[in-house]
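Asks: The file below is start.pdb, PDB, C-alpha atoms:
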ATOM      1  CA  MET A   1     -45.097  -3.990  47.709  1.00  0.00           C
ATOM      2  CA  ASN A   2     -47.077  -1.887  50.136  1.00  0.00           C
ATOM      3  CA  ARG A   3     -46.738   1.696  51.337  1.00  0.00           C
ATOM      4  CA  GLN A   4     -44.845   0.815  54.508  1.00  0.00           C
ATOM      5  CA  GLN A   5     -42.293  -1.232  52.563  1.00  0.00           C
ATOM      6  CA  LEU A   6     -41.939   1.632  50.104  1.00  0.00           C
ATOM      7  CA  ALA A   7     -41.501   4.114  52.965  1.00  0.00           C
ATOM      8  CA  ARG A   8     -38.710   1.911  54.326  1.00  0.00           C
ATOM      9  CA  LEU A   9     -36.909   1.947  50.968  1.00  0.00           C
ATOM     10  CA  LEU A  10     -37.363   5.712  50.643  1.00  0.00           C
ATOM     11  CA  ARG A  11     -35.859   6.297  54.110  1.00  0.00           C
ATOM     12  CA  ALA A  12     -32.943   4.047  53.216  1.00  0.00           C
ATOM     13  CA  ALA A  13     -32.366   5.830  49.880  1.00  0.00           C
ATOM     14  CA  CYS A  14     -32.401   9.172  51.679  1.00  0.00           C
ATOM     15  CA  ASP A  15     -29.959   7.895  54.308  1.00  0.00           C
ATOM     16  CA  VAL A  16     -27.565   6.520  51.696  1.00  0.00           C
ATOM     17  CA  THR A  17     -27.538   9.583  49.442  1.00  0.00           C
ATOM     18  CA  LYS A  18     -28.219  12.311  52.016  1.00  0.00           C
ATOM     19  CA  ASP A  19     -30.832  13.631  49.579  1.00  0.00           C
ATOM     20  CA  PRO A  20     -34.374  13.831  50.989  1.00  0.00           C
ATOM     21  CA  GLU A  21     -36.030  14.381  47.598  1.00  0.00           C
ATOM     22  CA  VAL A  22     -36.374  10.815  46.380  1.00  0.00           C
ATOM     23  CA  LEU A  23     -38.275  10.393  43.099  1.00  0.00           C
ATOM     24  CA  VAL A  24     -40.258   7.187  42.572  1.00  0.00           C
ATOM     25  CA  MET A  25     -40.533   6.569  38.831  1.00  0.00           C
ATOM     26  CA  GLY A  26     -41.515   2.933  38.345  1.00  0.00           C
ATOM     27  CA  SER A  27     -44.802   1.139  38.870  1.00  0.00           C
ATOM     28  CA  GLN A  28     -44.661   1.631  42.623  1.00  0.00           C
ATOM     29  CA  ALA A  29     -45.184   5.368  42.055  1.00  0.00           C
ATOM     30  CA  VAL A  30     -48.913   4.541  42.219  1.00  0.00           C
ATOM     31  CA  LEU A  31     -48.460   4.077  45.969  1.00  0.00           C
ATOM     32  CA  GLY A  32     -47.906   7.819  46.179  1.00  0.00           C
ATOM     33  CA  THR A  33     -51.521   8.308  45.092  1.00  0.00           C
ATOM     34  CA  TRP A  34     -53.351   5.225  46.355  1.00  0.00           C
ATOM     35  CA  ASP A  35     -53.074   2.799  49.232  1.00  0.00           C
ATOM     36  CA  GLU A  36     -52.162  -0.745  48.155  1.00  0.00           C
ATOM     37  CA  ASP A  37     -55.626  -1.970  49.231  1.00  0.00           C
ATOM     38  CA  GLU A  38     -57.246   0.320  46.651  1.00  0.00           C
ATOM     39  CA  LEU A  39     -55.099  -0.877  43.755  1.00  0.00           C
ATOM     40  CA  PRO A  40     -55.503  -3.896  41.468  1.00  0.00           C
ATOM     41  CA  PRO A  41     -52.968  -6.675  42.224  1.00  0.00           C
ATOM     42  CA  GLU A  42     -51.063  -5.991  38.969  1.00  0.00           C
ATOM     43  CA  ALA A  43     -50.203  -2.517  40.275  1.00  0.00           C
ATOM     44  CA  THR A  44     -48.367  -3.643  43.413  1.00  0.00           C
ATOM     45  CA  ALA A  45     -46.888  -6.958  42.271  1.00  0.00           C
ATOM     46  CA  SER A  46     -43.314  -5.710  41.969  1.00  0.00           C
ATOM     47  CA  MET A  47     -40.787  -6.268  44.761  1.00  0.00           C
ATOM     48  CA  GLU A  48     -38.592  -3.446  43.454  1.00  0.00           C
ATOM     49  CA  VAL A  49     -38.973   0.301  43.332  1.00  0.00           C
ATOM     50  CA  ASP A  50     -37.282   2.484  40.697  1.00  0.00           C
ATOM     51  CA  ILE A  51     -35.731   5.483  42.445  1.00  0.00           C
ATOM     52  CA  ALA A  52     -34.153   8.557  40.886  1.00  0.00           C
ATOM     53  CA  PHE A  53     -33.026  11.982  42.031  1.00  0.00           C
ATOM     54  CA  LEU A  54     -33.829  15.192  40.200  1.00  0.00           C
ATOM     55  CA  ASP A  55     -30.308  16.516  40.747  1.00  0.00           C
ATOM     56  CA  ASP A  56     -28.338  13.323  40.061  1.00  0.00           C
ATOM     57  CA  GLY A  57     -25.702  14.198  37.497  1.00  0.00           C
ATOM     58  CA  PRO A  58     -24.747  12.283  34.370  1.00  0.00           C
ATOM     59  CA  ASP A  59     -22.421  10.155  36.493  1.00  0.00           C
ATOM     60  CA  ARG A  60     -25.531   8.719  38.281  1.00  0.00           C
ATOM     61  CA  LYS A  61     -23.657   8.808  41.575  1.00  0.00           C
ATOM     62  CA  LYS A  62     -26.812   8.745  43.727  1.00  0.00           C
ATOM     63  CA  ALA A  63     -28.445   6.022  41.633  1.00  0.00           C
ATOM     64  CA  ASP A  64     -25.295   3.903  42.003  1.00  0.00           C
ATOM     65  CA  MET A  65     -25.277   4.496  45.772  1.00  0.00           C
ATOM     66  CA  VAL A  66     -28.872   3.235  45.963  1.00  0.00           C
ATOM     67  CA  ASP A  67     -28.038   0.154  43.874  1.00  0.00           C
ATOM     68  CA  GLY A  68     -25.056  -0.683  46.056  1.00  0.00           C
ATOM     69  CA  ALA A  69     -26.747  -0.227  49.418  1.00  0.00           C
ATOM     70  CA  ILE A  70     -30.356  -1.344  48.934  1.00  0.00           C
ATOM     71  CA  GLY A  71     -30.416  -2.770  45.415  1.00  0.00           C
ATOM     72  CA  GLU A  72     -30.997  -6.256  44.109  1.00  0.00           C
ATOM     73  CA  LEU A  73     -29.065  -8.909  46.094  1.00  0.00           C
ATOM     74  CA  SER A  74     -28.393  -6.404  48.885  1.00  0.00           C
ATOM     75  CA  GLN A  75     -28.817  -7.262  52.548  1.00  0.00           C
ATOM     76  CA  MET A  76     -32.212  -5.509  52.509  1.00  0.00           C
ATOM     77  CA  HIS A  77     -33.331  -7.586  49.534  1.00  0.00           C
ATOM     78  CA  ALA A  78     -32.269 -10.798  51.263  1.00  0.00           C
ATOM     79  CA  ALA A  79     -33.855  -9.843  54.601  1.00  0.00           C
ATOM     80  CA  GLU A  80     -37.079  -8.167  53.469  1.00  0.00           C
ATOM     81  CA  GLY A  81     -37.664  -9.380  49.909  1.00  0.00           C
ATOM     82  CA  ILE A  82     -37.799  -5.816  48.532  1.00  0.00           C
ATOM     83  CA  TYR A  83     -35.171  -3.637  46.930  1.00  0.00           C
ATOM     84  CA  ALA A  84     -34.578  -0.382  45.105  1.00  0.00           C
ATOM     85  CA  GLU A  85     -33.102   0.137  41.681  1.00  0.00           C
ATOM     86  CA  GLY A  86     -31.316   3.428  41.255  1.00  0.00           C
ATOM     87  CA  ILE A  87     -32.120   4.902  37.861  1.00  0.00           C
ATOM     88  CA  SER A  88     -31.649   8.157  36.004  1.00  0.00           C
ATOM     89  CA  VAL A  89     -34.550  10.511  35.343  1.00  0.00           C
ATOM     90  CA  SER A  90     -33.657  10.171  31.657  1.00  0.00           C
ATOM     91  CA  THR A  91     -34.464   6.436  31.785  1.00  0.00           C
ATOM     92  CA  SER A  92     -38.177   7.090  31.228  1.00  0.00           C
ATOM     93  CA  ILE A  93     -39.874   8.755  28.296  1.00  0.00           C
ATOM     94  CA  LEU A  94     -42.198  11.278  29.896  1.00  0.00           C
ATOM     95  CA  PRO A  95     -44.619  13.896  28.571  1.00  0.00           C
ATOM     96  CA  ASP A  96     -43.795  17.589  28.688  1.00  0.00           C
ATOM     97  CA  GLY A  97     -44.535  19.174  32.036  1.00  0.00           C
ATOM     98  CA  TRP A  98     -44.268  15.960  34.078  1.00  0.00           C
ATOM     99  CA  GLN A  99     -42.170  17.699  36.746  1.00  0.00           C
ATOM    100  CA  THR A 100     -44.978  20.156  37.461  1.00  0.00           C
ATOM    101  CA  ARG A 101     -47.392  17.270  38.087  1.00  0.00           C
ATOM    102  CA  LEU A 102     -45.310  15.282  40.577  1.00  0.00           C
ATOM    103  CA  CYS A 103     -47.238  14.010  43.606  1.00  0.00           C
ATOM    104  CA  THR A 104     -46.234  13.509  47.217  1.00  0.00           C
ATOM    105  CA  TRP A 105     -47.801  11.842  50.225  1.00  0.00           C
ATOM    106  CA  GLY A 106     -48.380  12.666  53.848  1.00  0.00           C
ATOM    107  CA  LEU A 107     -46.906   9.435  55.218  1.00  0.00           C
ATOM    108  CA  VAL A 108     -44.523  10.449  57.991  1.00  0.00           C
ATOM    109  CA  SER A 109     -43.013   6.964  58.080  1.00  0.00           C
ATOM    110  CA  SER A 110     -40.869   7.887  55.055  1.00  0.00           C
ATOM    111  CA  ALA A 111     -39.184  10.796  56.910  1.00  0.00           C
ATOM    112  CA  PRO A 112     -36.639  12.205  56.547  1.00  0.00           C
ATOM    113  CA  ALA A 113     -37.264  11.399  52.875  1.00  0.00           C
ATOM    114  CA  ARG A 114     -39.636  13.799  51.118  1.00  0.00           C
ATOM    115  CA  PRO A 115     -40.719  11.488  48.318  1.00  0.00           C
ATOM    116  CA  LEU A 116     -41.971  12.584  44.946  1.00  0.00           C
ATOM    117  CA  PHE A 117     -44.019  10.304  42.693  1.00  0.00           C
ATOM    118  CA  LEU A 118     -44.871  10.399  39.015  1.00  0.00           C
ATOM    119  CA  GLU A 119     -48.474  11.436  38.513  1.00  0.00           C
ATOM    120  CA  PRO A 120     -50.432   8.291  37.510  1.00  0.00           C
ATOM    121  CA  HIS A 121     -51.174   9.352  33.906  1.00  0.00           C
ATOM    122  CA  ASP A 122     -47.533  10.350  33.348  1.00  0.00           C
ATOM    123  CA  LEU A 123     -46.520   6.999  34.829  1.00  0.00           C
ATOM    124  CA  CYS A 124     -48.845   5.224  32.380  1.00  0.00           C
ATOM    125  CA  VAL A 125     -47.212   7.064  29.482  1.00  0.00           C
ATOM    126  CA  ALA A 126     -43.751   6.017  30.690  1.00  0.00           C
ATOM    127  CA  LYS A 127     -44.916   2.409  31.024  1.00  0.00           C
ATOM    128  CA  LEU A 128     -46.538   2.367  27.584  1.00  0.00           C
ATOM    129  CA  MET A 129     -43.427   3.860  26.021  1.00  0.00           C
ATOM    130  CA  ALA A 130     -41.304   1.132  27.654  1.00  0.00           C
ATOM    131  CA  GLY A 131     -43.631  -1.296  25.872  1.00  0.00           C
ATOM    132  CA  ARG A 132     -43.022  -4.485  27.860  1.00  0.00           C
ATOM    133  CA  GLU A 133     -45.888  -6.919  28.404  1.00  0.00           C
ATOM    134  CA  LYS A 134     -45.836  -6.280  32.160  1.00  0.00           C
ATOM    135  CA  ASP A 135     -46.165  -2.544  31.457  1.00  0.00           C
ATOM    136  CA  TYR A 136     -49.253  -3.091  29.300  1.00  0.00           C
ATOM    137  CA  GLU A 137     -50.766  -5.287  32.026  1.00  0.00           C
ATOM    138  CA  PHE A 138     -50.068  -2.579  34.606  1.00  0.00           C
ATOM    139  CA  VAL A 139     -51.660   0.206  32.546  1.00  0.00           C
ATOM    140  CA  GLY A 140     -54.563  -2.026  31.505  1.00  0.00           C
ATOM    141  CA  ALA A 141     -55.293  -2.852  35.145  1.00  0.00           C
ATOM    142  CA  LEU A 142     -55.370   0.835  36.092  1.00  0.00           C
ATOM    143  CA  ILE A 143     -57.674   1.618  33.150  1.00  0.00           C
ATOM    144  CA  SER A 144     -59.991  -1.291  34.019  1.00  0.00           C
ATOM    145  CA  ALA A 145     -60.156  -0.142  37.643  1.00  0.00           C
ATOM    146  CA  ALA A 146     -61.017   3.402  36.429  1.00  0.00           C
ATOM    147  CA  MET A 147     -58.023   4.765  38.329  1.00  0.00           C
ATOM    148  CA  VAL A 148     -56.691   6.550  35.258  1.00  0.00           C
ATOM    149  CA  GLN A 149     -58.565   8.114  32.381  1.00  0.00           C
ATOM    150  CA  PRO A 150     -57.711   6.928  28.863  1.00  0.00           C
ATOM    151  CA  ARG A 151     -58.416  10.399  27.451  1.00  0.00           C
ATOM    152  CA  ILE A 152     -55.752  11.935  29.706  1.00  0.00           C
ATOM    153  CA  ILE A 153     -53.247   9.228  28.777  1.00  0.00           C
ATOM    154  CA  GLU A 154     -53.913  10.008  25.108  1.00  0.00           C
ATOM    155  CA  GLU A 155     -53.423  13.738  25.767  1.00  0.00           C
ATOM    156  CA  ARG A 156     -50.135  13.051  27.523  1.00  0.00           C
ATOM    157  CA  LEU A 157     -48.961  10.793  24.695  1.00  0.00           C
ATOM    158  CA  ALA A 158     -49.603  13.737  22.364  1.00  0.00           C
ATOM    159  CA  MET A 159     -47.097  15.756  24.434  1.00  0.00           C
ATOM    160  CA  LEU A 160     -44.251  13.463  23.361  1.00  0.00           C
ATOM    161  CA  SER A 161     -42.059  14.108  20.342  1.00  0.00           C
ATOM    162  CA  ALA A 162     -44.018  12.475  17.534  1.00  0.00           C
ATOM    163  CA  GLU A 163     -40.932  12.544  15.345  1.00  0.00           C
ATOM    164  CA  THR A 164     -38.711  10.688  17.815  1.00  0.00           C
ATOM    165  CA  HIS A 165     -41.286   8.247  19.190  1.00  0.00           C
ATOM    166  CA  LYS A 166     -43.739   7.838  16.307  1.00  0.00           C
ATOM    167  CA  VAL A 167     -44.010   4.028  16.342  1.00  0.00           C
ATOM    168  CA  ALA A 168     -44.147   3.686  20.143  1.00  0.00           C
ATOM    169  CA  ILE A 169     -46.781   6.423  20.417  1.00  0.00           C
ATOM    170  CA  ALA A 170     -48.949   4.760  17.761  1.00  0.00           C
ATOM    171  CA  ARG A 171     -48.661   1.402  19.550  1.00  0.00           C
ATOM    172  CA  ALA A 172     -49.525   3.015  22.898  1.00  0.00           C
ATOM    173  CA  LEU A 173     -52.545   4.809  21.444  1.00  0.00           C
ATOM    174  CA  ARG A 174     -53.844   1.560  19.929  1.00  0.00           C
ATOM    175  CA  PHE A 175     -53.472  -0.142  23.291  1.00  0.00           C
ATOM    176  CA  VAL A 176     -55.338   2.608  25.159  1.00  0.00           C
ATOM    177  CA  GLN A 177     -58.141   2.642  22.596  1.00  0.00           C
ATOM    178  CA  ARG A 178     -58.446  -1.170  22.718  1.00  0.00           C
ATOM    179  CA  SER A 179     -58.431  -1.121  26.516  1.00  0.00           C
ATOM    180  CA  VAL A 180     -61.482   1.104  26.498  1.00  0.00           C
ATOM    181  CA  SER A 181     -63.413  -1.019  24.015  1.00  0.00           C
ATOM    182  CA  ALA A 182     -62.296  -4.568  24.894  1.00  0.00           C
ATOM    183  CA  PRO A 183     -61.015  -6.450  27.920  1.00  0.00           C
ATOM    184  CA  ASP A 184     -58.109  -7.988  25.942  1.00  0.00           C
ATOM    185  CA  ARG A 185     -54.994  -6.045  26.916  1.00  0.00           C
ATOM    186  CA  ARG A 186     -52.257  -7.851  25.077  1.00  0.00           C
ATOM    187  CA  PRO A 187     -49.671  -5.552  23.521  1.00  0.00           C
ATOM    188  CA  PRO A 188     -50.682  -4.457  20.030  1.00  0.00           C
ATOM    189  CA  ALA A 189     -48.673  -5.842  17.126  1.00  0.00           C
TER     190      ALA A 189
END
The structure in this file should be written as C-alpha cells.
Replies:
Amino acid sequence: MNRQQLARLLRAACDVTKDPEVLVMGSQAVLGTWDEDELPPEATASMEVDIAFLDDGPDRKKADMVDGAIGELSQMHAAEGIYAEGISVSTSILPDGWQTRLCTWGLVSSAPARPLFLEPHDLCVAKLMAGREKDYEFVGALISAAMVQPRIIEERLAMLSAETHKVAIARALRFVQRSVSAPDRRPPA
C-alpha cells in the first residue's frame, strides 16, 4: 500500500462514518510518518489498513460501517485491491500515553479526513504484543532499517501491565534484544 491508496481509504472511511478523525492502527500507520519509498518492503506489503475511531462505542458502529462499505470483499477491494478493516481501539495492546503520541500528516489528499496514526514505537509494541510471525518481520524490518530505536521499544514495553502481559512482554523483549545483536528475526520460542 502507498500513501495515496491510504488517503483514498481514509477519505472513504470519513465519508461512510461522517467522522473526520480516522485512526490508523495497523502496520500501515507507518505511512503517517514515512513515505512508502523510504520504508522496507515488509512495512508496506499489506493490502489492508486497520482503522478505528477514538469515539466509537462498545457497539463498534463506526468500525462495522467501515467493514461494510470498504472492507474485505467490498467493491473497493475488488476494484482497487485495497480495503479497510474496521477495528476497535481496544483491539491493540498499547503502552500508556499512546494517545498523546499520535502522529498526523500534511497530505491534503486525505481531506476531509484528519487522520491520526500510531507513533512508530507504539505501533511496534502493538505488533510485538500481537505476536504473529508477520508482526515480528514488520518490527524486525523497521529495526534493521534504523527507523525505530530498540531502546524506545523496550521503554514502551515497560509501560505495559507486567502482571497482565508478562509472557508476551518477555517474548517481545527477547525479540528486540536479538534483533539488535543478530539478523535472525524469527519469533522467540
Asks: Translate the PyMOL selection byres ((chain A and resi 81-98) around 8), as applied to the file shown, into an explicit residue set as a PDB file with C-alpha atoms, keeping the file's coordinate frame.
Replies:
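As written to disk, out.pdb reads:
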ATOM      1  CA  MET A   1     -45.097  -3.990  47.709  1.00  0.00           C
ATOM      2  CA  GLN A   5     -42.293  -1.232  52.563  1.00  0.00           C
ATOM      3  CA  LEU A   9     -36.909   1.947  50.968  1.00  0.00           C
ATOM      4  CA  MET A  25     -40.533   6.569  38.831  1.00  0.00           C
ATOM      5  CA  MET A  47     -40.787  -6.268  44.761  1.00  0.00           C
ATOM      6  CA  GLU A  48     -38.592  -3.446  43.454  1.00  0.00           C
ATOM      7  CA  VAL A  49     -38.973   0.301  43.332  1.00  0.00           C
ATOM      8  CA  ASP A  50     -37.282   2.484  40.697  1.00  0.00           C
ATOM      9  CA  ILE A  51     -35.731   5.483  42.445  1.00  0.00           C
ATOM     10  CA  ALA A  52     -34.153   8.557  40.886  1.00  0.00           C
ATOM     11  CA  PHE A  53     -33.026  11.982  42.031  1.00  0.00           C
ATOM     12  CA  LEU A  54     -33.829  15.192  40.200  1.00  0.00           C
ATOM     13  CA  ASP A  56     -28.338  13.323  40.061  1.00  0.00           C
ATOM     14  CA  ARG A  60     -25.531   8.719  38.281  1.00  0.00           C
ATOM     15  CA  LYS A  62     -26.812   8.745  43.727  1.00  0.00           C
ATOM     16  CA  ALA A  63     -28.445   6.022  41.633  1.00  0.00           C
ATOM     17  CA  ASP A  64     -25.295   3.903  42.003  1.00  0.00           C
ATOM     18  CA  MET A  65     -25.277   4.496  45.772  1.00  0.00           C
ATOM     19  CA  VAL A  66     -28.872   3.235  45.963  1.00  0.00           C
ATOM     20  CA  ASP A  67     -28.038   0.154  43.874  1.00  0.00           C
ATOM     21  CA  ILE A  70     -30.356  -1.344  48.934  1.00  0.00           C
ATOM     22  CA  GLY A  71     -30.416  -2.770  45.415  1.00  0.00           C
ATOM     23  CA  GLU A  72     -30.997  -6.256  44.109  1.00  0.00           C
ATOM     24  CA  SER A  74     -28.393  -6.404  48.885  1.00  0.00           C
ATOM     25  CA  MET A  76     -32.212  -5.509  52.509  1.00  0.00           C
ATOM     26  CA  HIS A  77     -33.331  -7.586  49.534  1.00  0.00           C
ATOM     27  CA  ALA A  78     -32.269 -10.798  51.263  1.00  0.00           C
ATOM     28  CA  ALA A  79     -33.855  -9.843  54.601  1.00  0.00           C
ATOM     29  CA  GLU A  80     -37.079  -8.167  53.469  1.00  0.00           C
ATOM     30  CA  GLN A  99     -42.170  17.699  36.746  1.00  0.00           C
ATOM     31  CA  THR A 100     -44.978  20.156  37.461  1.00  0.00           C
ATOM     32  CA  ARG A 101     -47.392  17.270  38.087  1.00  0.00           C
ATOM     33  CA  LEU A 102     -45.310  15.282  40.577  1.00  0.00           C
ATOM     34  CA  LEU A 118     -44.871  10.399  39.015  1.00  0.00           C
ATOM     35  CA  GLU A 119     -48.474  11.436  38.513  1.00  0.00           C
ATOM     36  CA  ASP A 122     -47.533  10.350  33.348  1.00  0.00           C
ATOM     37  CA  LEU A 123     -46.520   6.999  34.829  1.00  0.00           C
ATOM     38  CA  VAL A 125     -47.212   7.064  29.482  1.00  0.00           C
ATOM     39  CA  ALA A 126     -43.751   6.017  30.690  1.00  0.00           C
ATOM     40  CA  MET A 129     -43.427   3.860  26.021  1.00  0.00           C
ATOM     41  CA  ALA A 130     -41.304   1.132  27.654  1.00  0.00           C
ATOM     42  CA  ARG A 156     -50.135  13.051  27.523  1.00  0.00           C
ATOM     43  CA  LEU A 157     -48.961  10.793  24.695  1.00  0.00           C
ATOM     44  CA  ALA A 158     -49.603  13.737  22.364  1.00  0.00           C
ATOM     45  CA  MET A 159     -47.097  15.756  24.434  1.00  0.00           C
ATOM     46  CA  LEU A 160     -44.251  13.463  23.361  1.00  0.00           C
TER      47      LEU A 160
END
Asks: Could you jot down the CA of Arg3 (chain A) to CA of Lys18 (chain A) separation for me, Å, one decimal place?
Replies: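 Pair CA of Arg3 (chain A) / CA of Lys18 (chain A) returns 21.4 Å.
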Asks: Can you tell me how far CA of Leu39 (chain A) sits from CA of Val176 (chain A), in Å to one decimal?
Replies: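 Going from CA of Leu39 (chain A) over to CA of Val176 (chain A), I get 18.9 Å.
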Asks: Might you spell out which residues the PyMOL selection byres ((chain A and resi 114) around 8) would select in the displayed file, as a PyMOL selection string?
Replies: chain A and resi 20-22+104+110-113+115-116
Asks: Once the PyMOL selection byres ((chain A and resi 148) around 12) is applied to the coordinates I shared, what remains selected? I want it as a PyMOL selection string.
Replies: chain A and resi 30+33-34+39+119-125+138-147+149-154+176+179-180
Asks: Determine the nearest neighbour of Ile169 (chain A) from the options A:Lys127, A:Arg8, A:Lys61, A:Lys134, counting only C-alpha atoms.
Replies: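 Closest residue, counting only C-alpha atoms: A:Lys127.
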Asks: Around all the atoms of region 5-18 of chain A listed in the file, draw an axis-aligned box and extend it by 6 Å on each of the six sides; I want its centre and edge lengths in Å to one decimal, as JSON.
Replies:
{"center_x": -34.9, "center_y": 5.5, "center_z": 51.9, "size_x": 26.8, "size_y": 25.5, "size_z": 16.9}
Asks: Point out the residue among A:Val16, A:Val24, A:Ala7, A:Leu128 with the least atom-to-atom distance to Ala69 (chain A), counting only C-alpha atoms.
Replies: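 Of A:Val16, A:Val24, A:Ala7, A:Leu128, the one nearest Ala69 (chain A), counting only C-alpha atoms, is A:Val16.
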Asks: Given the choices A:Glu163, A:Asp135, A:Asp19, A:Glu155, which gets closest to Ser46 (chain A) if the distance is worked out from only C-alpha atoms?
Replies: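 Under the stated criterion, the closest residue is A:Asp135.
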Asks: Between CA of Gly32 (chain A) and CA of Ala172 (chain A), what is the spacing in Å?
Replies: 23.8 Å
Asks: Take region 125-132 of chain A, bring it up to all heavy atoms, and give me the output as a PDB file, keeping the file's coordinate frame.
Replies:
ATOM      1  N   VAL A 125     -47.913   6.742  30.726  1.00  0.00           N
ATOM      2  CA  VAL A 125     -47.212   7.064  29.482  1.00  0.00           C
ATOM      3  C   VAL A 125     -45.818   6.433  29.496  1.00  0.00           C
ATOM      4  O   VAL A 125     -45.407   5.796  28.526  1.00  0.00           O
ATOM      5  CB  VAL A 125     -47.129   8.593  29.266  1.00  0.00           C
ATOM      6  CG1 VAL A 125     -46.146   8.939  28.150  1.00  0.00           C
ATOM      7  CG2 VAL A 125     -48.508   9.154  28.957  1.00  0.00           C
ATOM      8  N   ALA A 126     -45.094   6.595  30.599  1.00  0.00           N
ATOM      9  CA  ALA A 126     -43.751   6.017  30.690  1.00  0.00           C
ATOM     10  C   ALA A 126     -43.801   4.498  30.517  1.00  0.00           C
ATOM     11  O   ALA A 126     -42.971   3.917  29.816  1.00  0.00           O
ATOM     12  CB  ALA A 126     -43.116   6.380  32.028  1.00  0.00           C
ATOM     13  N   LYS A 127     -44.776   3.859  31.137  1.00  0.00           N
ATOM     14  CA  LYS A 127     -44.916   2.409  31.024  1.00  0.00           C
ATOM     15  C   LYS A 127     -45.245   1.994  29.593  1.00  0.00           C
ATOM     16  O   LYS A 127     -44.677   1.040  29.066  1.00  0.00           O
ATOM     17  CB  LYS A 127     -46.008   1.892  31.978  1.00  0.00           C
ATOM     18  CG  LYS A 127     -45.626   2.000  33.437  1.00  0.00           C
ATOM     19  CD  LYS A 127     -44.383   1.213  33.678  1.00  0.00           C
ATOM     20  CE  LYS A 127     -44.243   0.633  35.025  1.00  0.00           C
ATOM     21  NZ  LYS A 127     -43.020  -0.172  35.138  1.00  0.00           N
ATOM     22  N   LEU A 128     -46.170   2.698  28.965  1.00  0.00           N
ATOM     23  CA  LEU A 128     -46.538   2.367  27.584  1.00  0.00           C
ATOM     24  C   LEU A 128     -45.370   2.587  26.627  1.00  0.00           C
ATOM     25  O   LEU A 128     -45.189   1.830  25.681  1.00  0.00           O
ATOM     26  CB  LEU A 128     -47.753   3.182  27.146  1.00  0.00           C
ATOM     27  CG  LEU A 128     -49.067   2.804  27.838  1.00  0.00           C
ATOM     28  CD1 LEU A 128     -50.159   3.818  27.505  1.00  0.00           C
ATOM     29  CD2 LEU A 128     -49.495   1.397  27.459  1.00  0.00           C
ATOM     30  N   MET A 129     -44.575   3.603  26.885  1.00  0.00           N
ATOM     31  CA  MET A 129     -43.427   3.860  26.021  1.00  0.00           C
ATOM     32  C   MET A 129     -42.346   2.796  26.226  1.00  0.00           C
ATOM     33  O   MET A 129     -41.615   2.474  25.303  1.00  0.00           O
ATOM     34  CB  MET A 129     -42.873   5.259  26.268  1.00  0.00           C
ATOM     35  CG  MET A 129     -43.859   6.372  25.872  1.00  0.00           C
ATOM     36  SD  MET A 129     -44.476   6.235  24.178  1.00  0.00           S
ATOM     37  CE  MET A 129     -43.003   6.660  23.271  1.00  0.00           C
ATOM     38  N   ALA A 130     -42.247   2.224  27.424  1.00  0.00           N
ATOM     39  CA  ALA A 130     -41.304   1.132  27.654  1.00  0.00           C
ATOM     40  C   ALA A 130     -41.743  -0.096  26.864  1.00  0.00           C
ATOM     41  O   ALA A 130     -40.922  -0.851  26.355  1.00  0.00           O
ATOM     42  CB  ALA A 130     -41.209   0.814  29.145  1.00  0.00           C
ATOM     43  N   GLY A 131     -43.065  -0.305  26.780  1.00  0.00           N
ATOM     44  CA  GLY A 131     -43.631  -1.296  25.872  1.00  0.00           C
ATOM     45  C   GLY A 131     -43.453  -2.759  26.227  1.00  0.00           C
ATOM     46  O   GLY A 131     -43.601  -3.615  25.369  1.00  0.00           O
ATOM     47  N   ARG A 132     -43.139  -3.068  27.463  1.00  0.00           N
ATOM     48  CA  ARG A 132     -43.022  -4.485  27.860  1.00  0.00           C
ATOM     49  C   ARG A 132     -44.408  -5.022  28.200  1.00  0.00           C
ATOM     50  O   ARG A 132     -45.305  -4.261  28.562  1.00  0.00           O
ATOM     51  CB  ARG A 132     -42.093  -4.612  29.065  1.00  0.00           C
ATOM     52  CG  ARG A 132     -40.673  -4.108  28.768  1.00  0.00           C
ATOM     53  CD  ARG A 132     -39.885  -3.972  30.027  1.00  0.00           C
ATOM     54  NE  ARG A 132     -40.524  -2.946  30.861  1.00  0.00           N
ATOM     55  CZ  ARG A 132     -39.894  -2.210  31.755  1.00  0.00           C
ATOM     56  NH1 ARG A 132     -38.601  -2.365  31.955  1.00  0.00           N
ATOM     57  NH2 ARG A 132     -40.523  -1.318  32.480  1.00  0.00           N
TER      58      ARG A 132
END
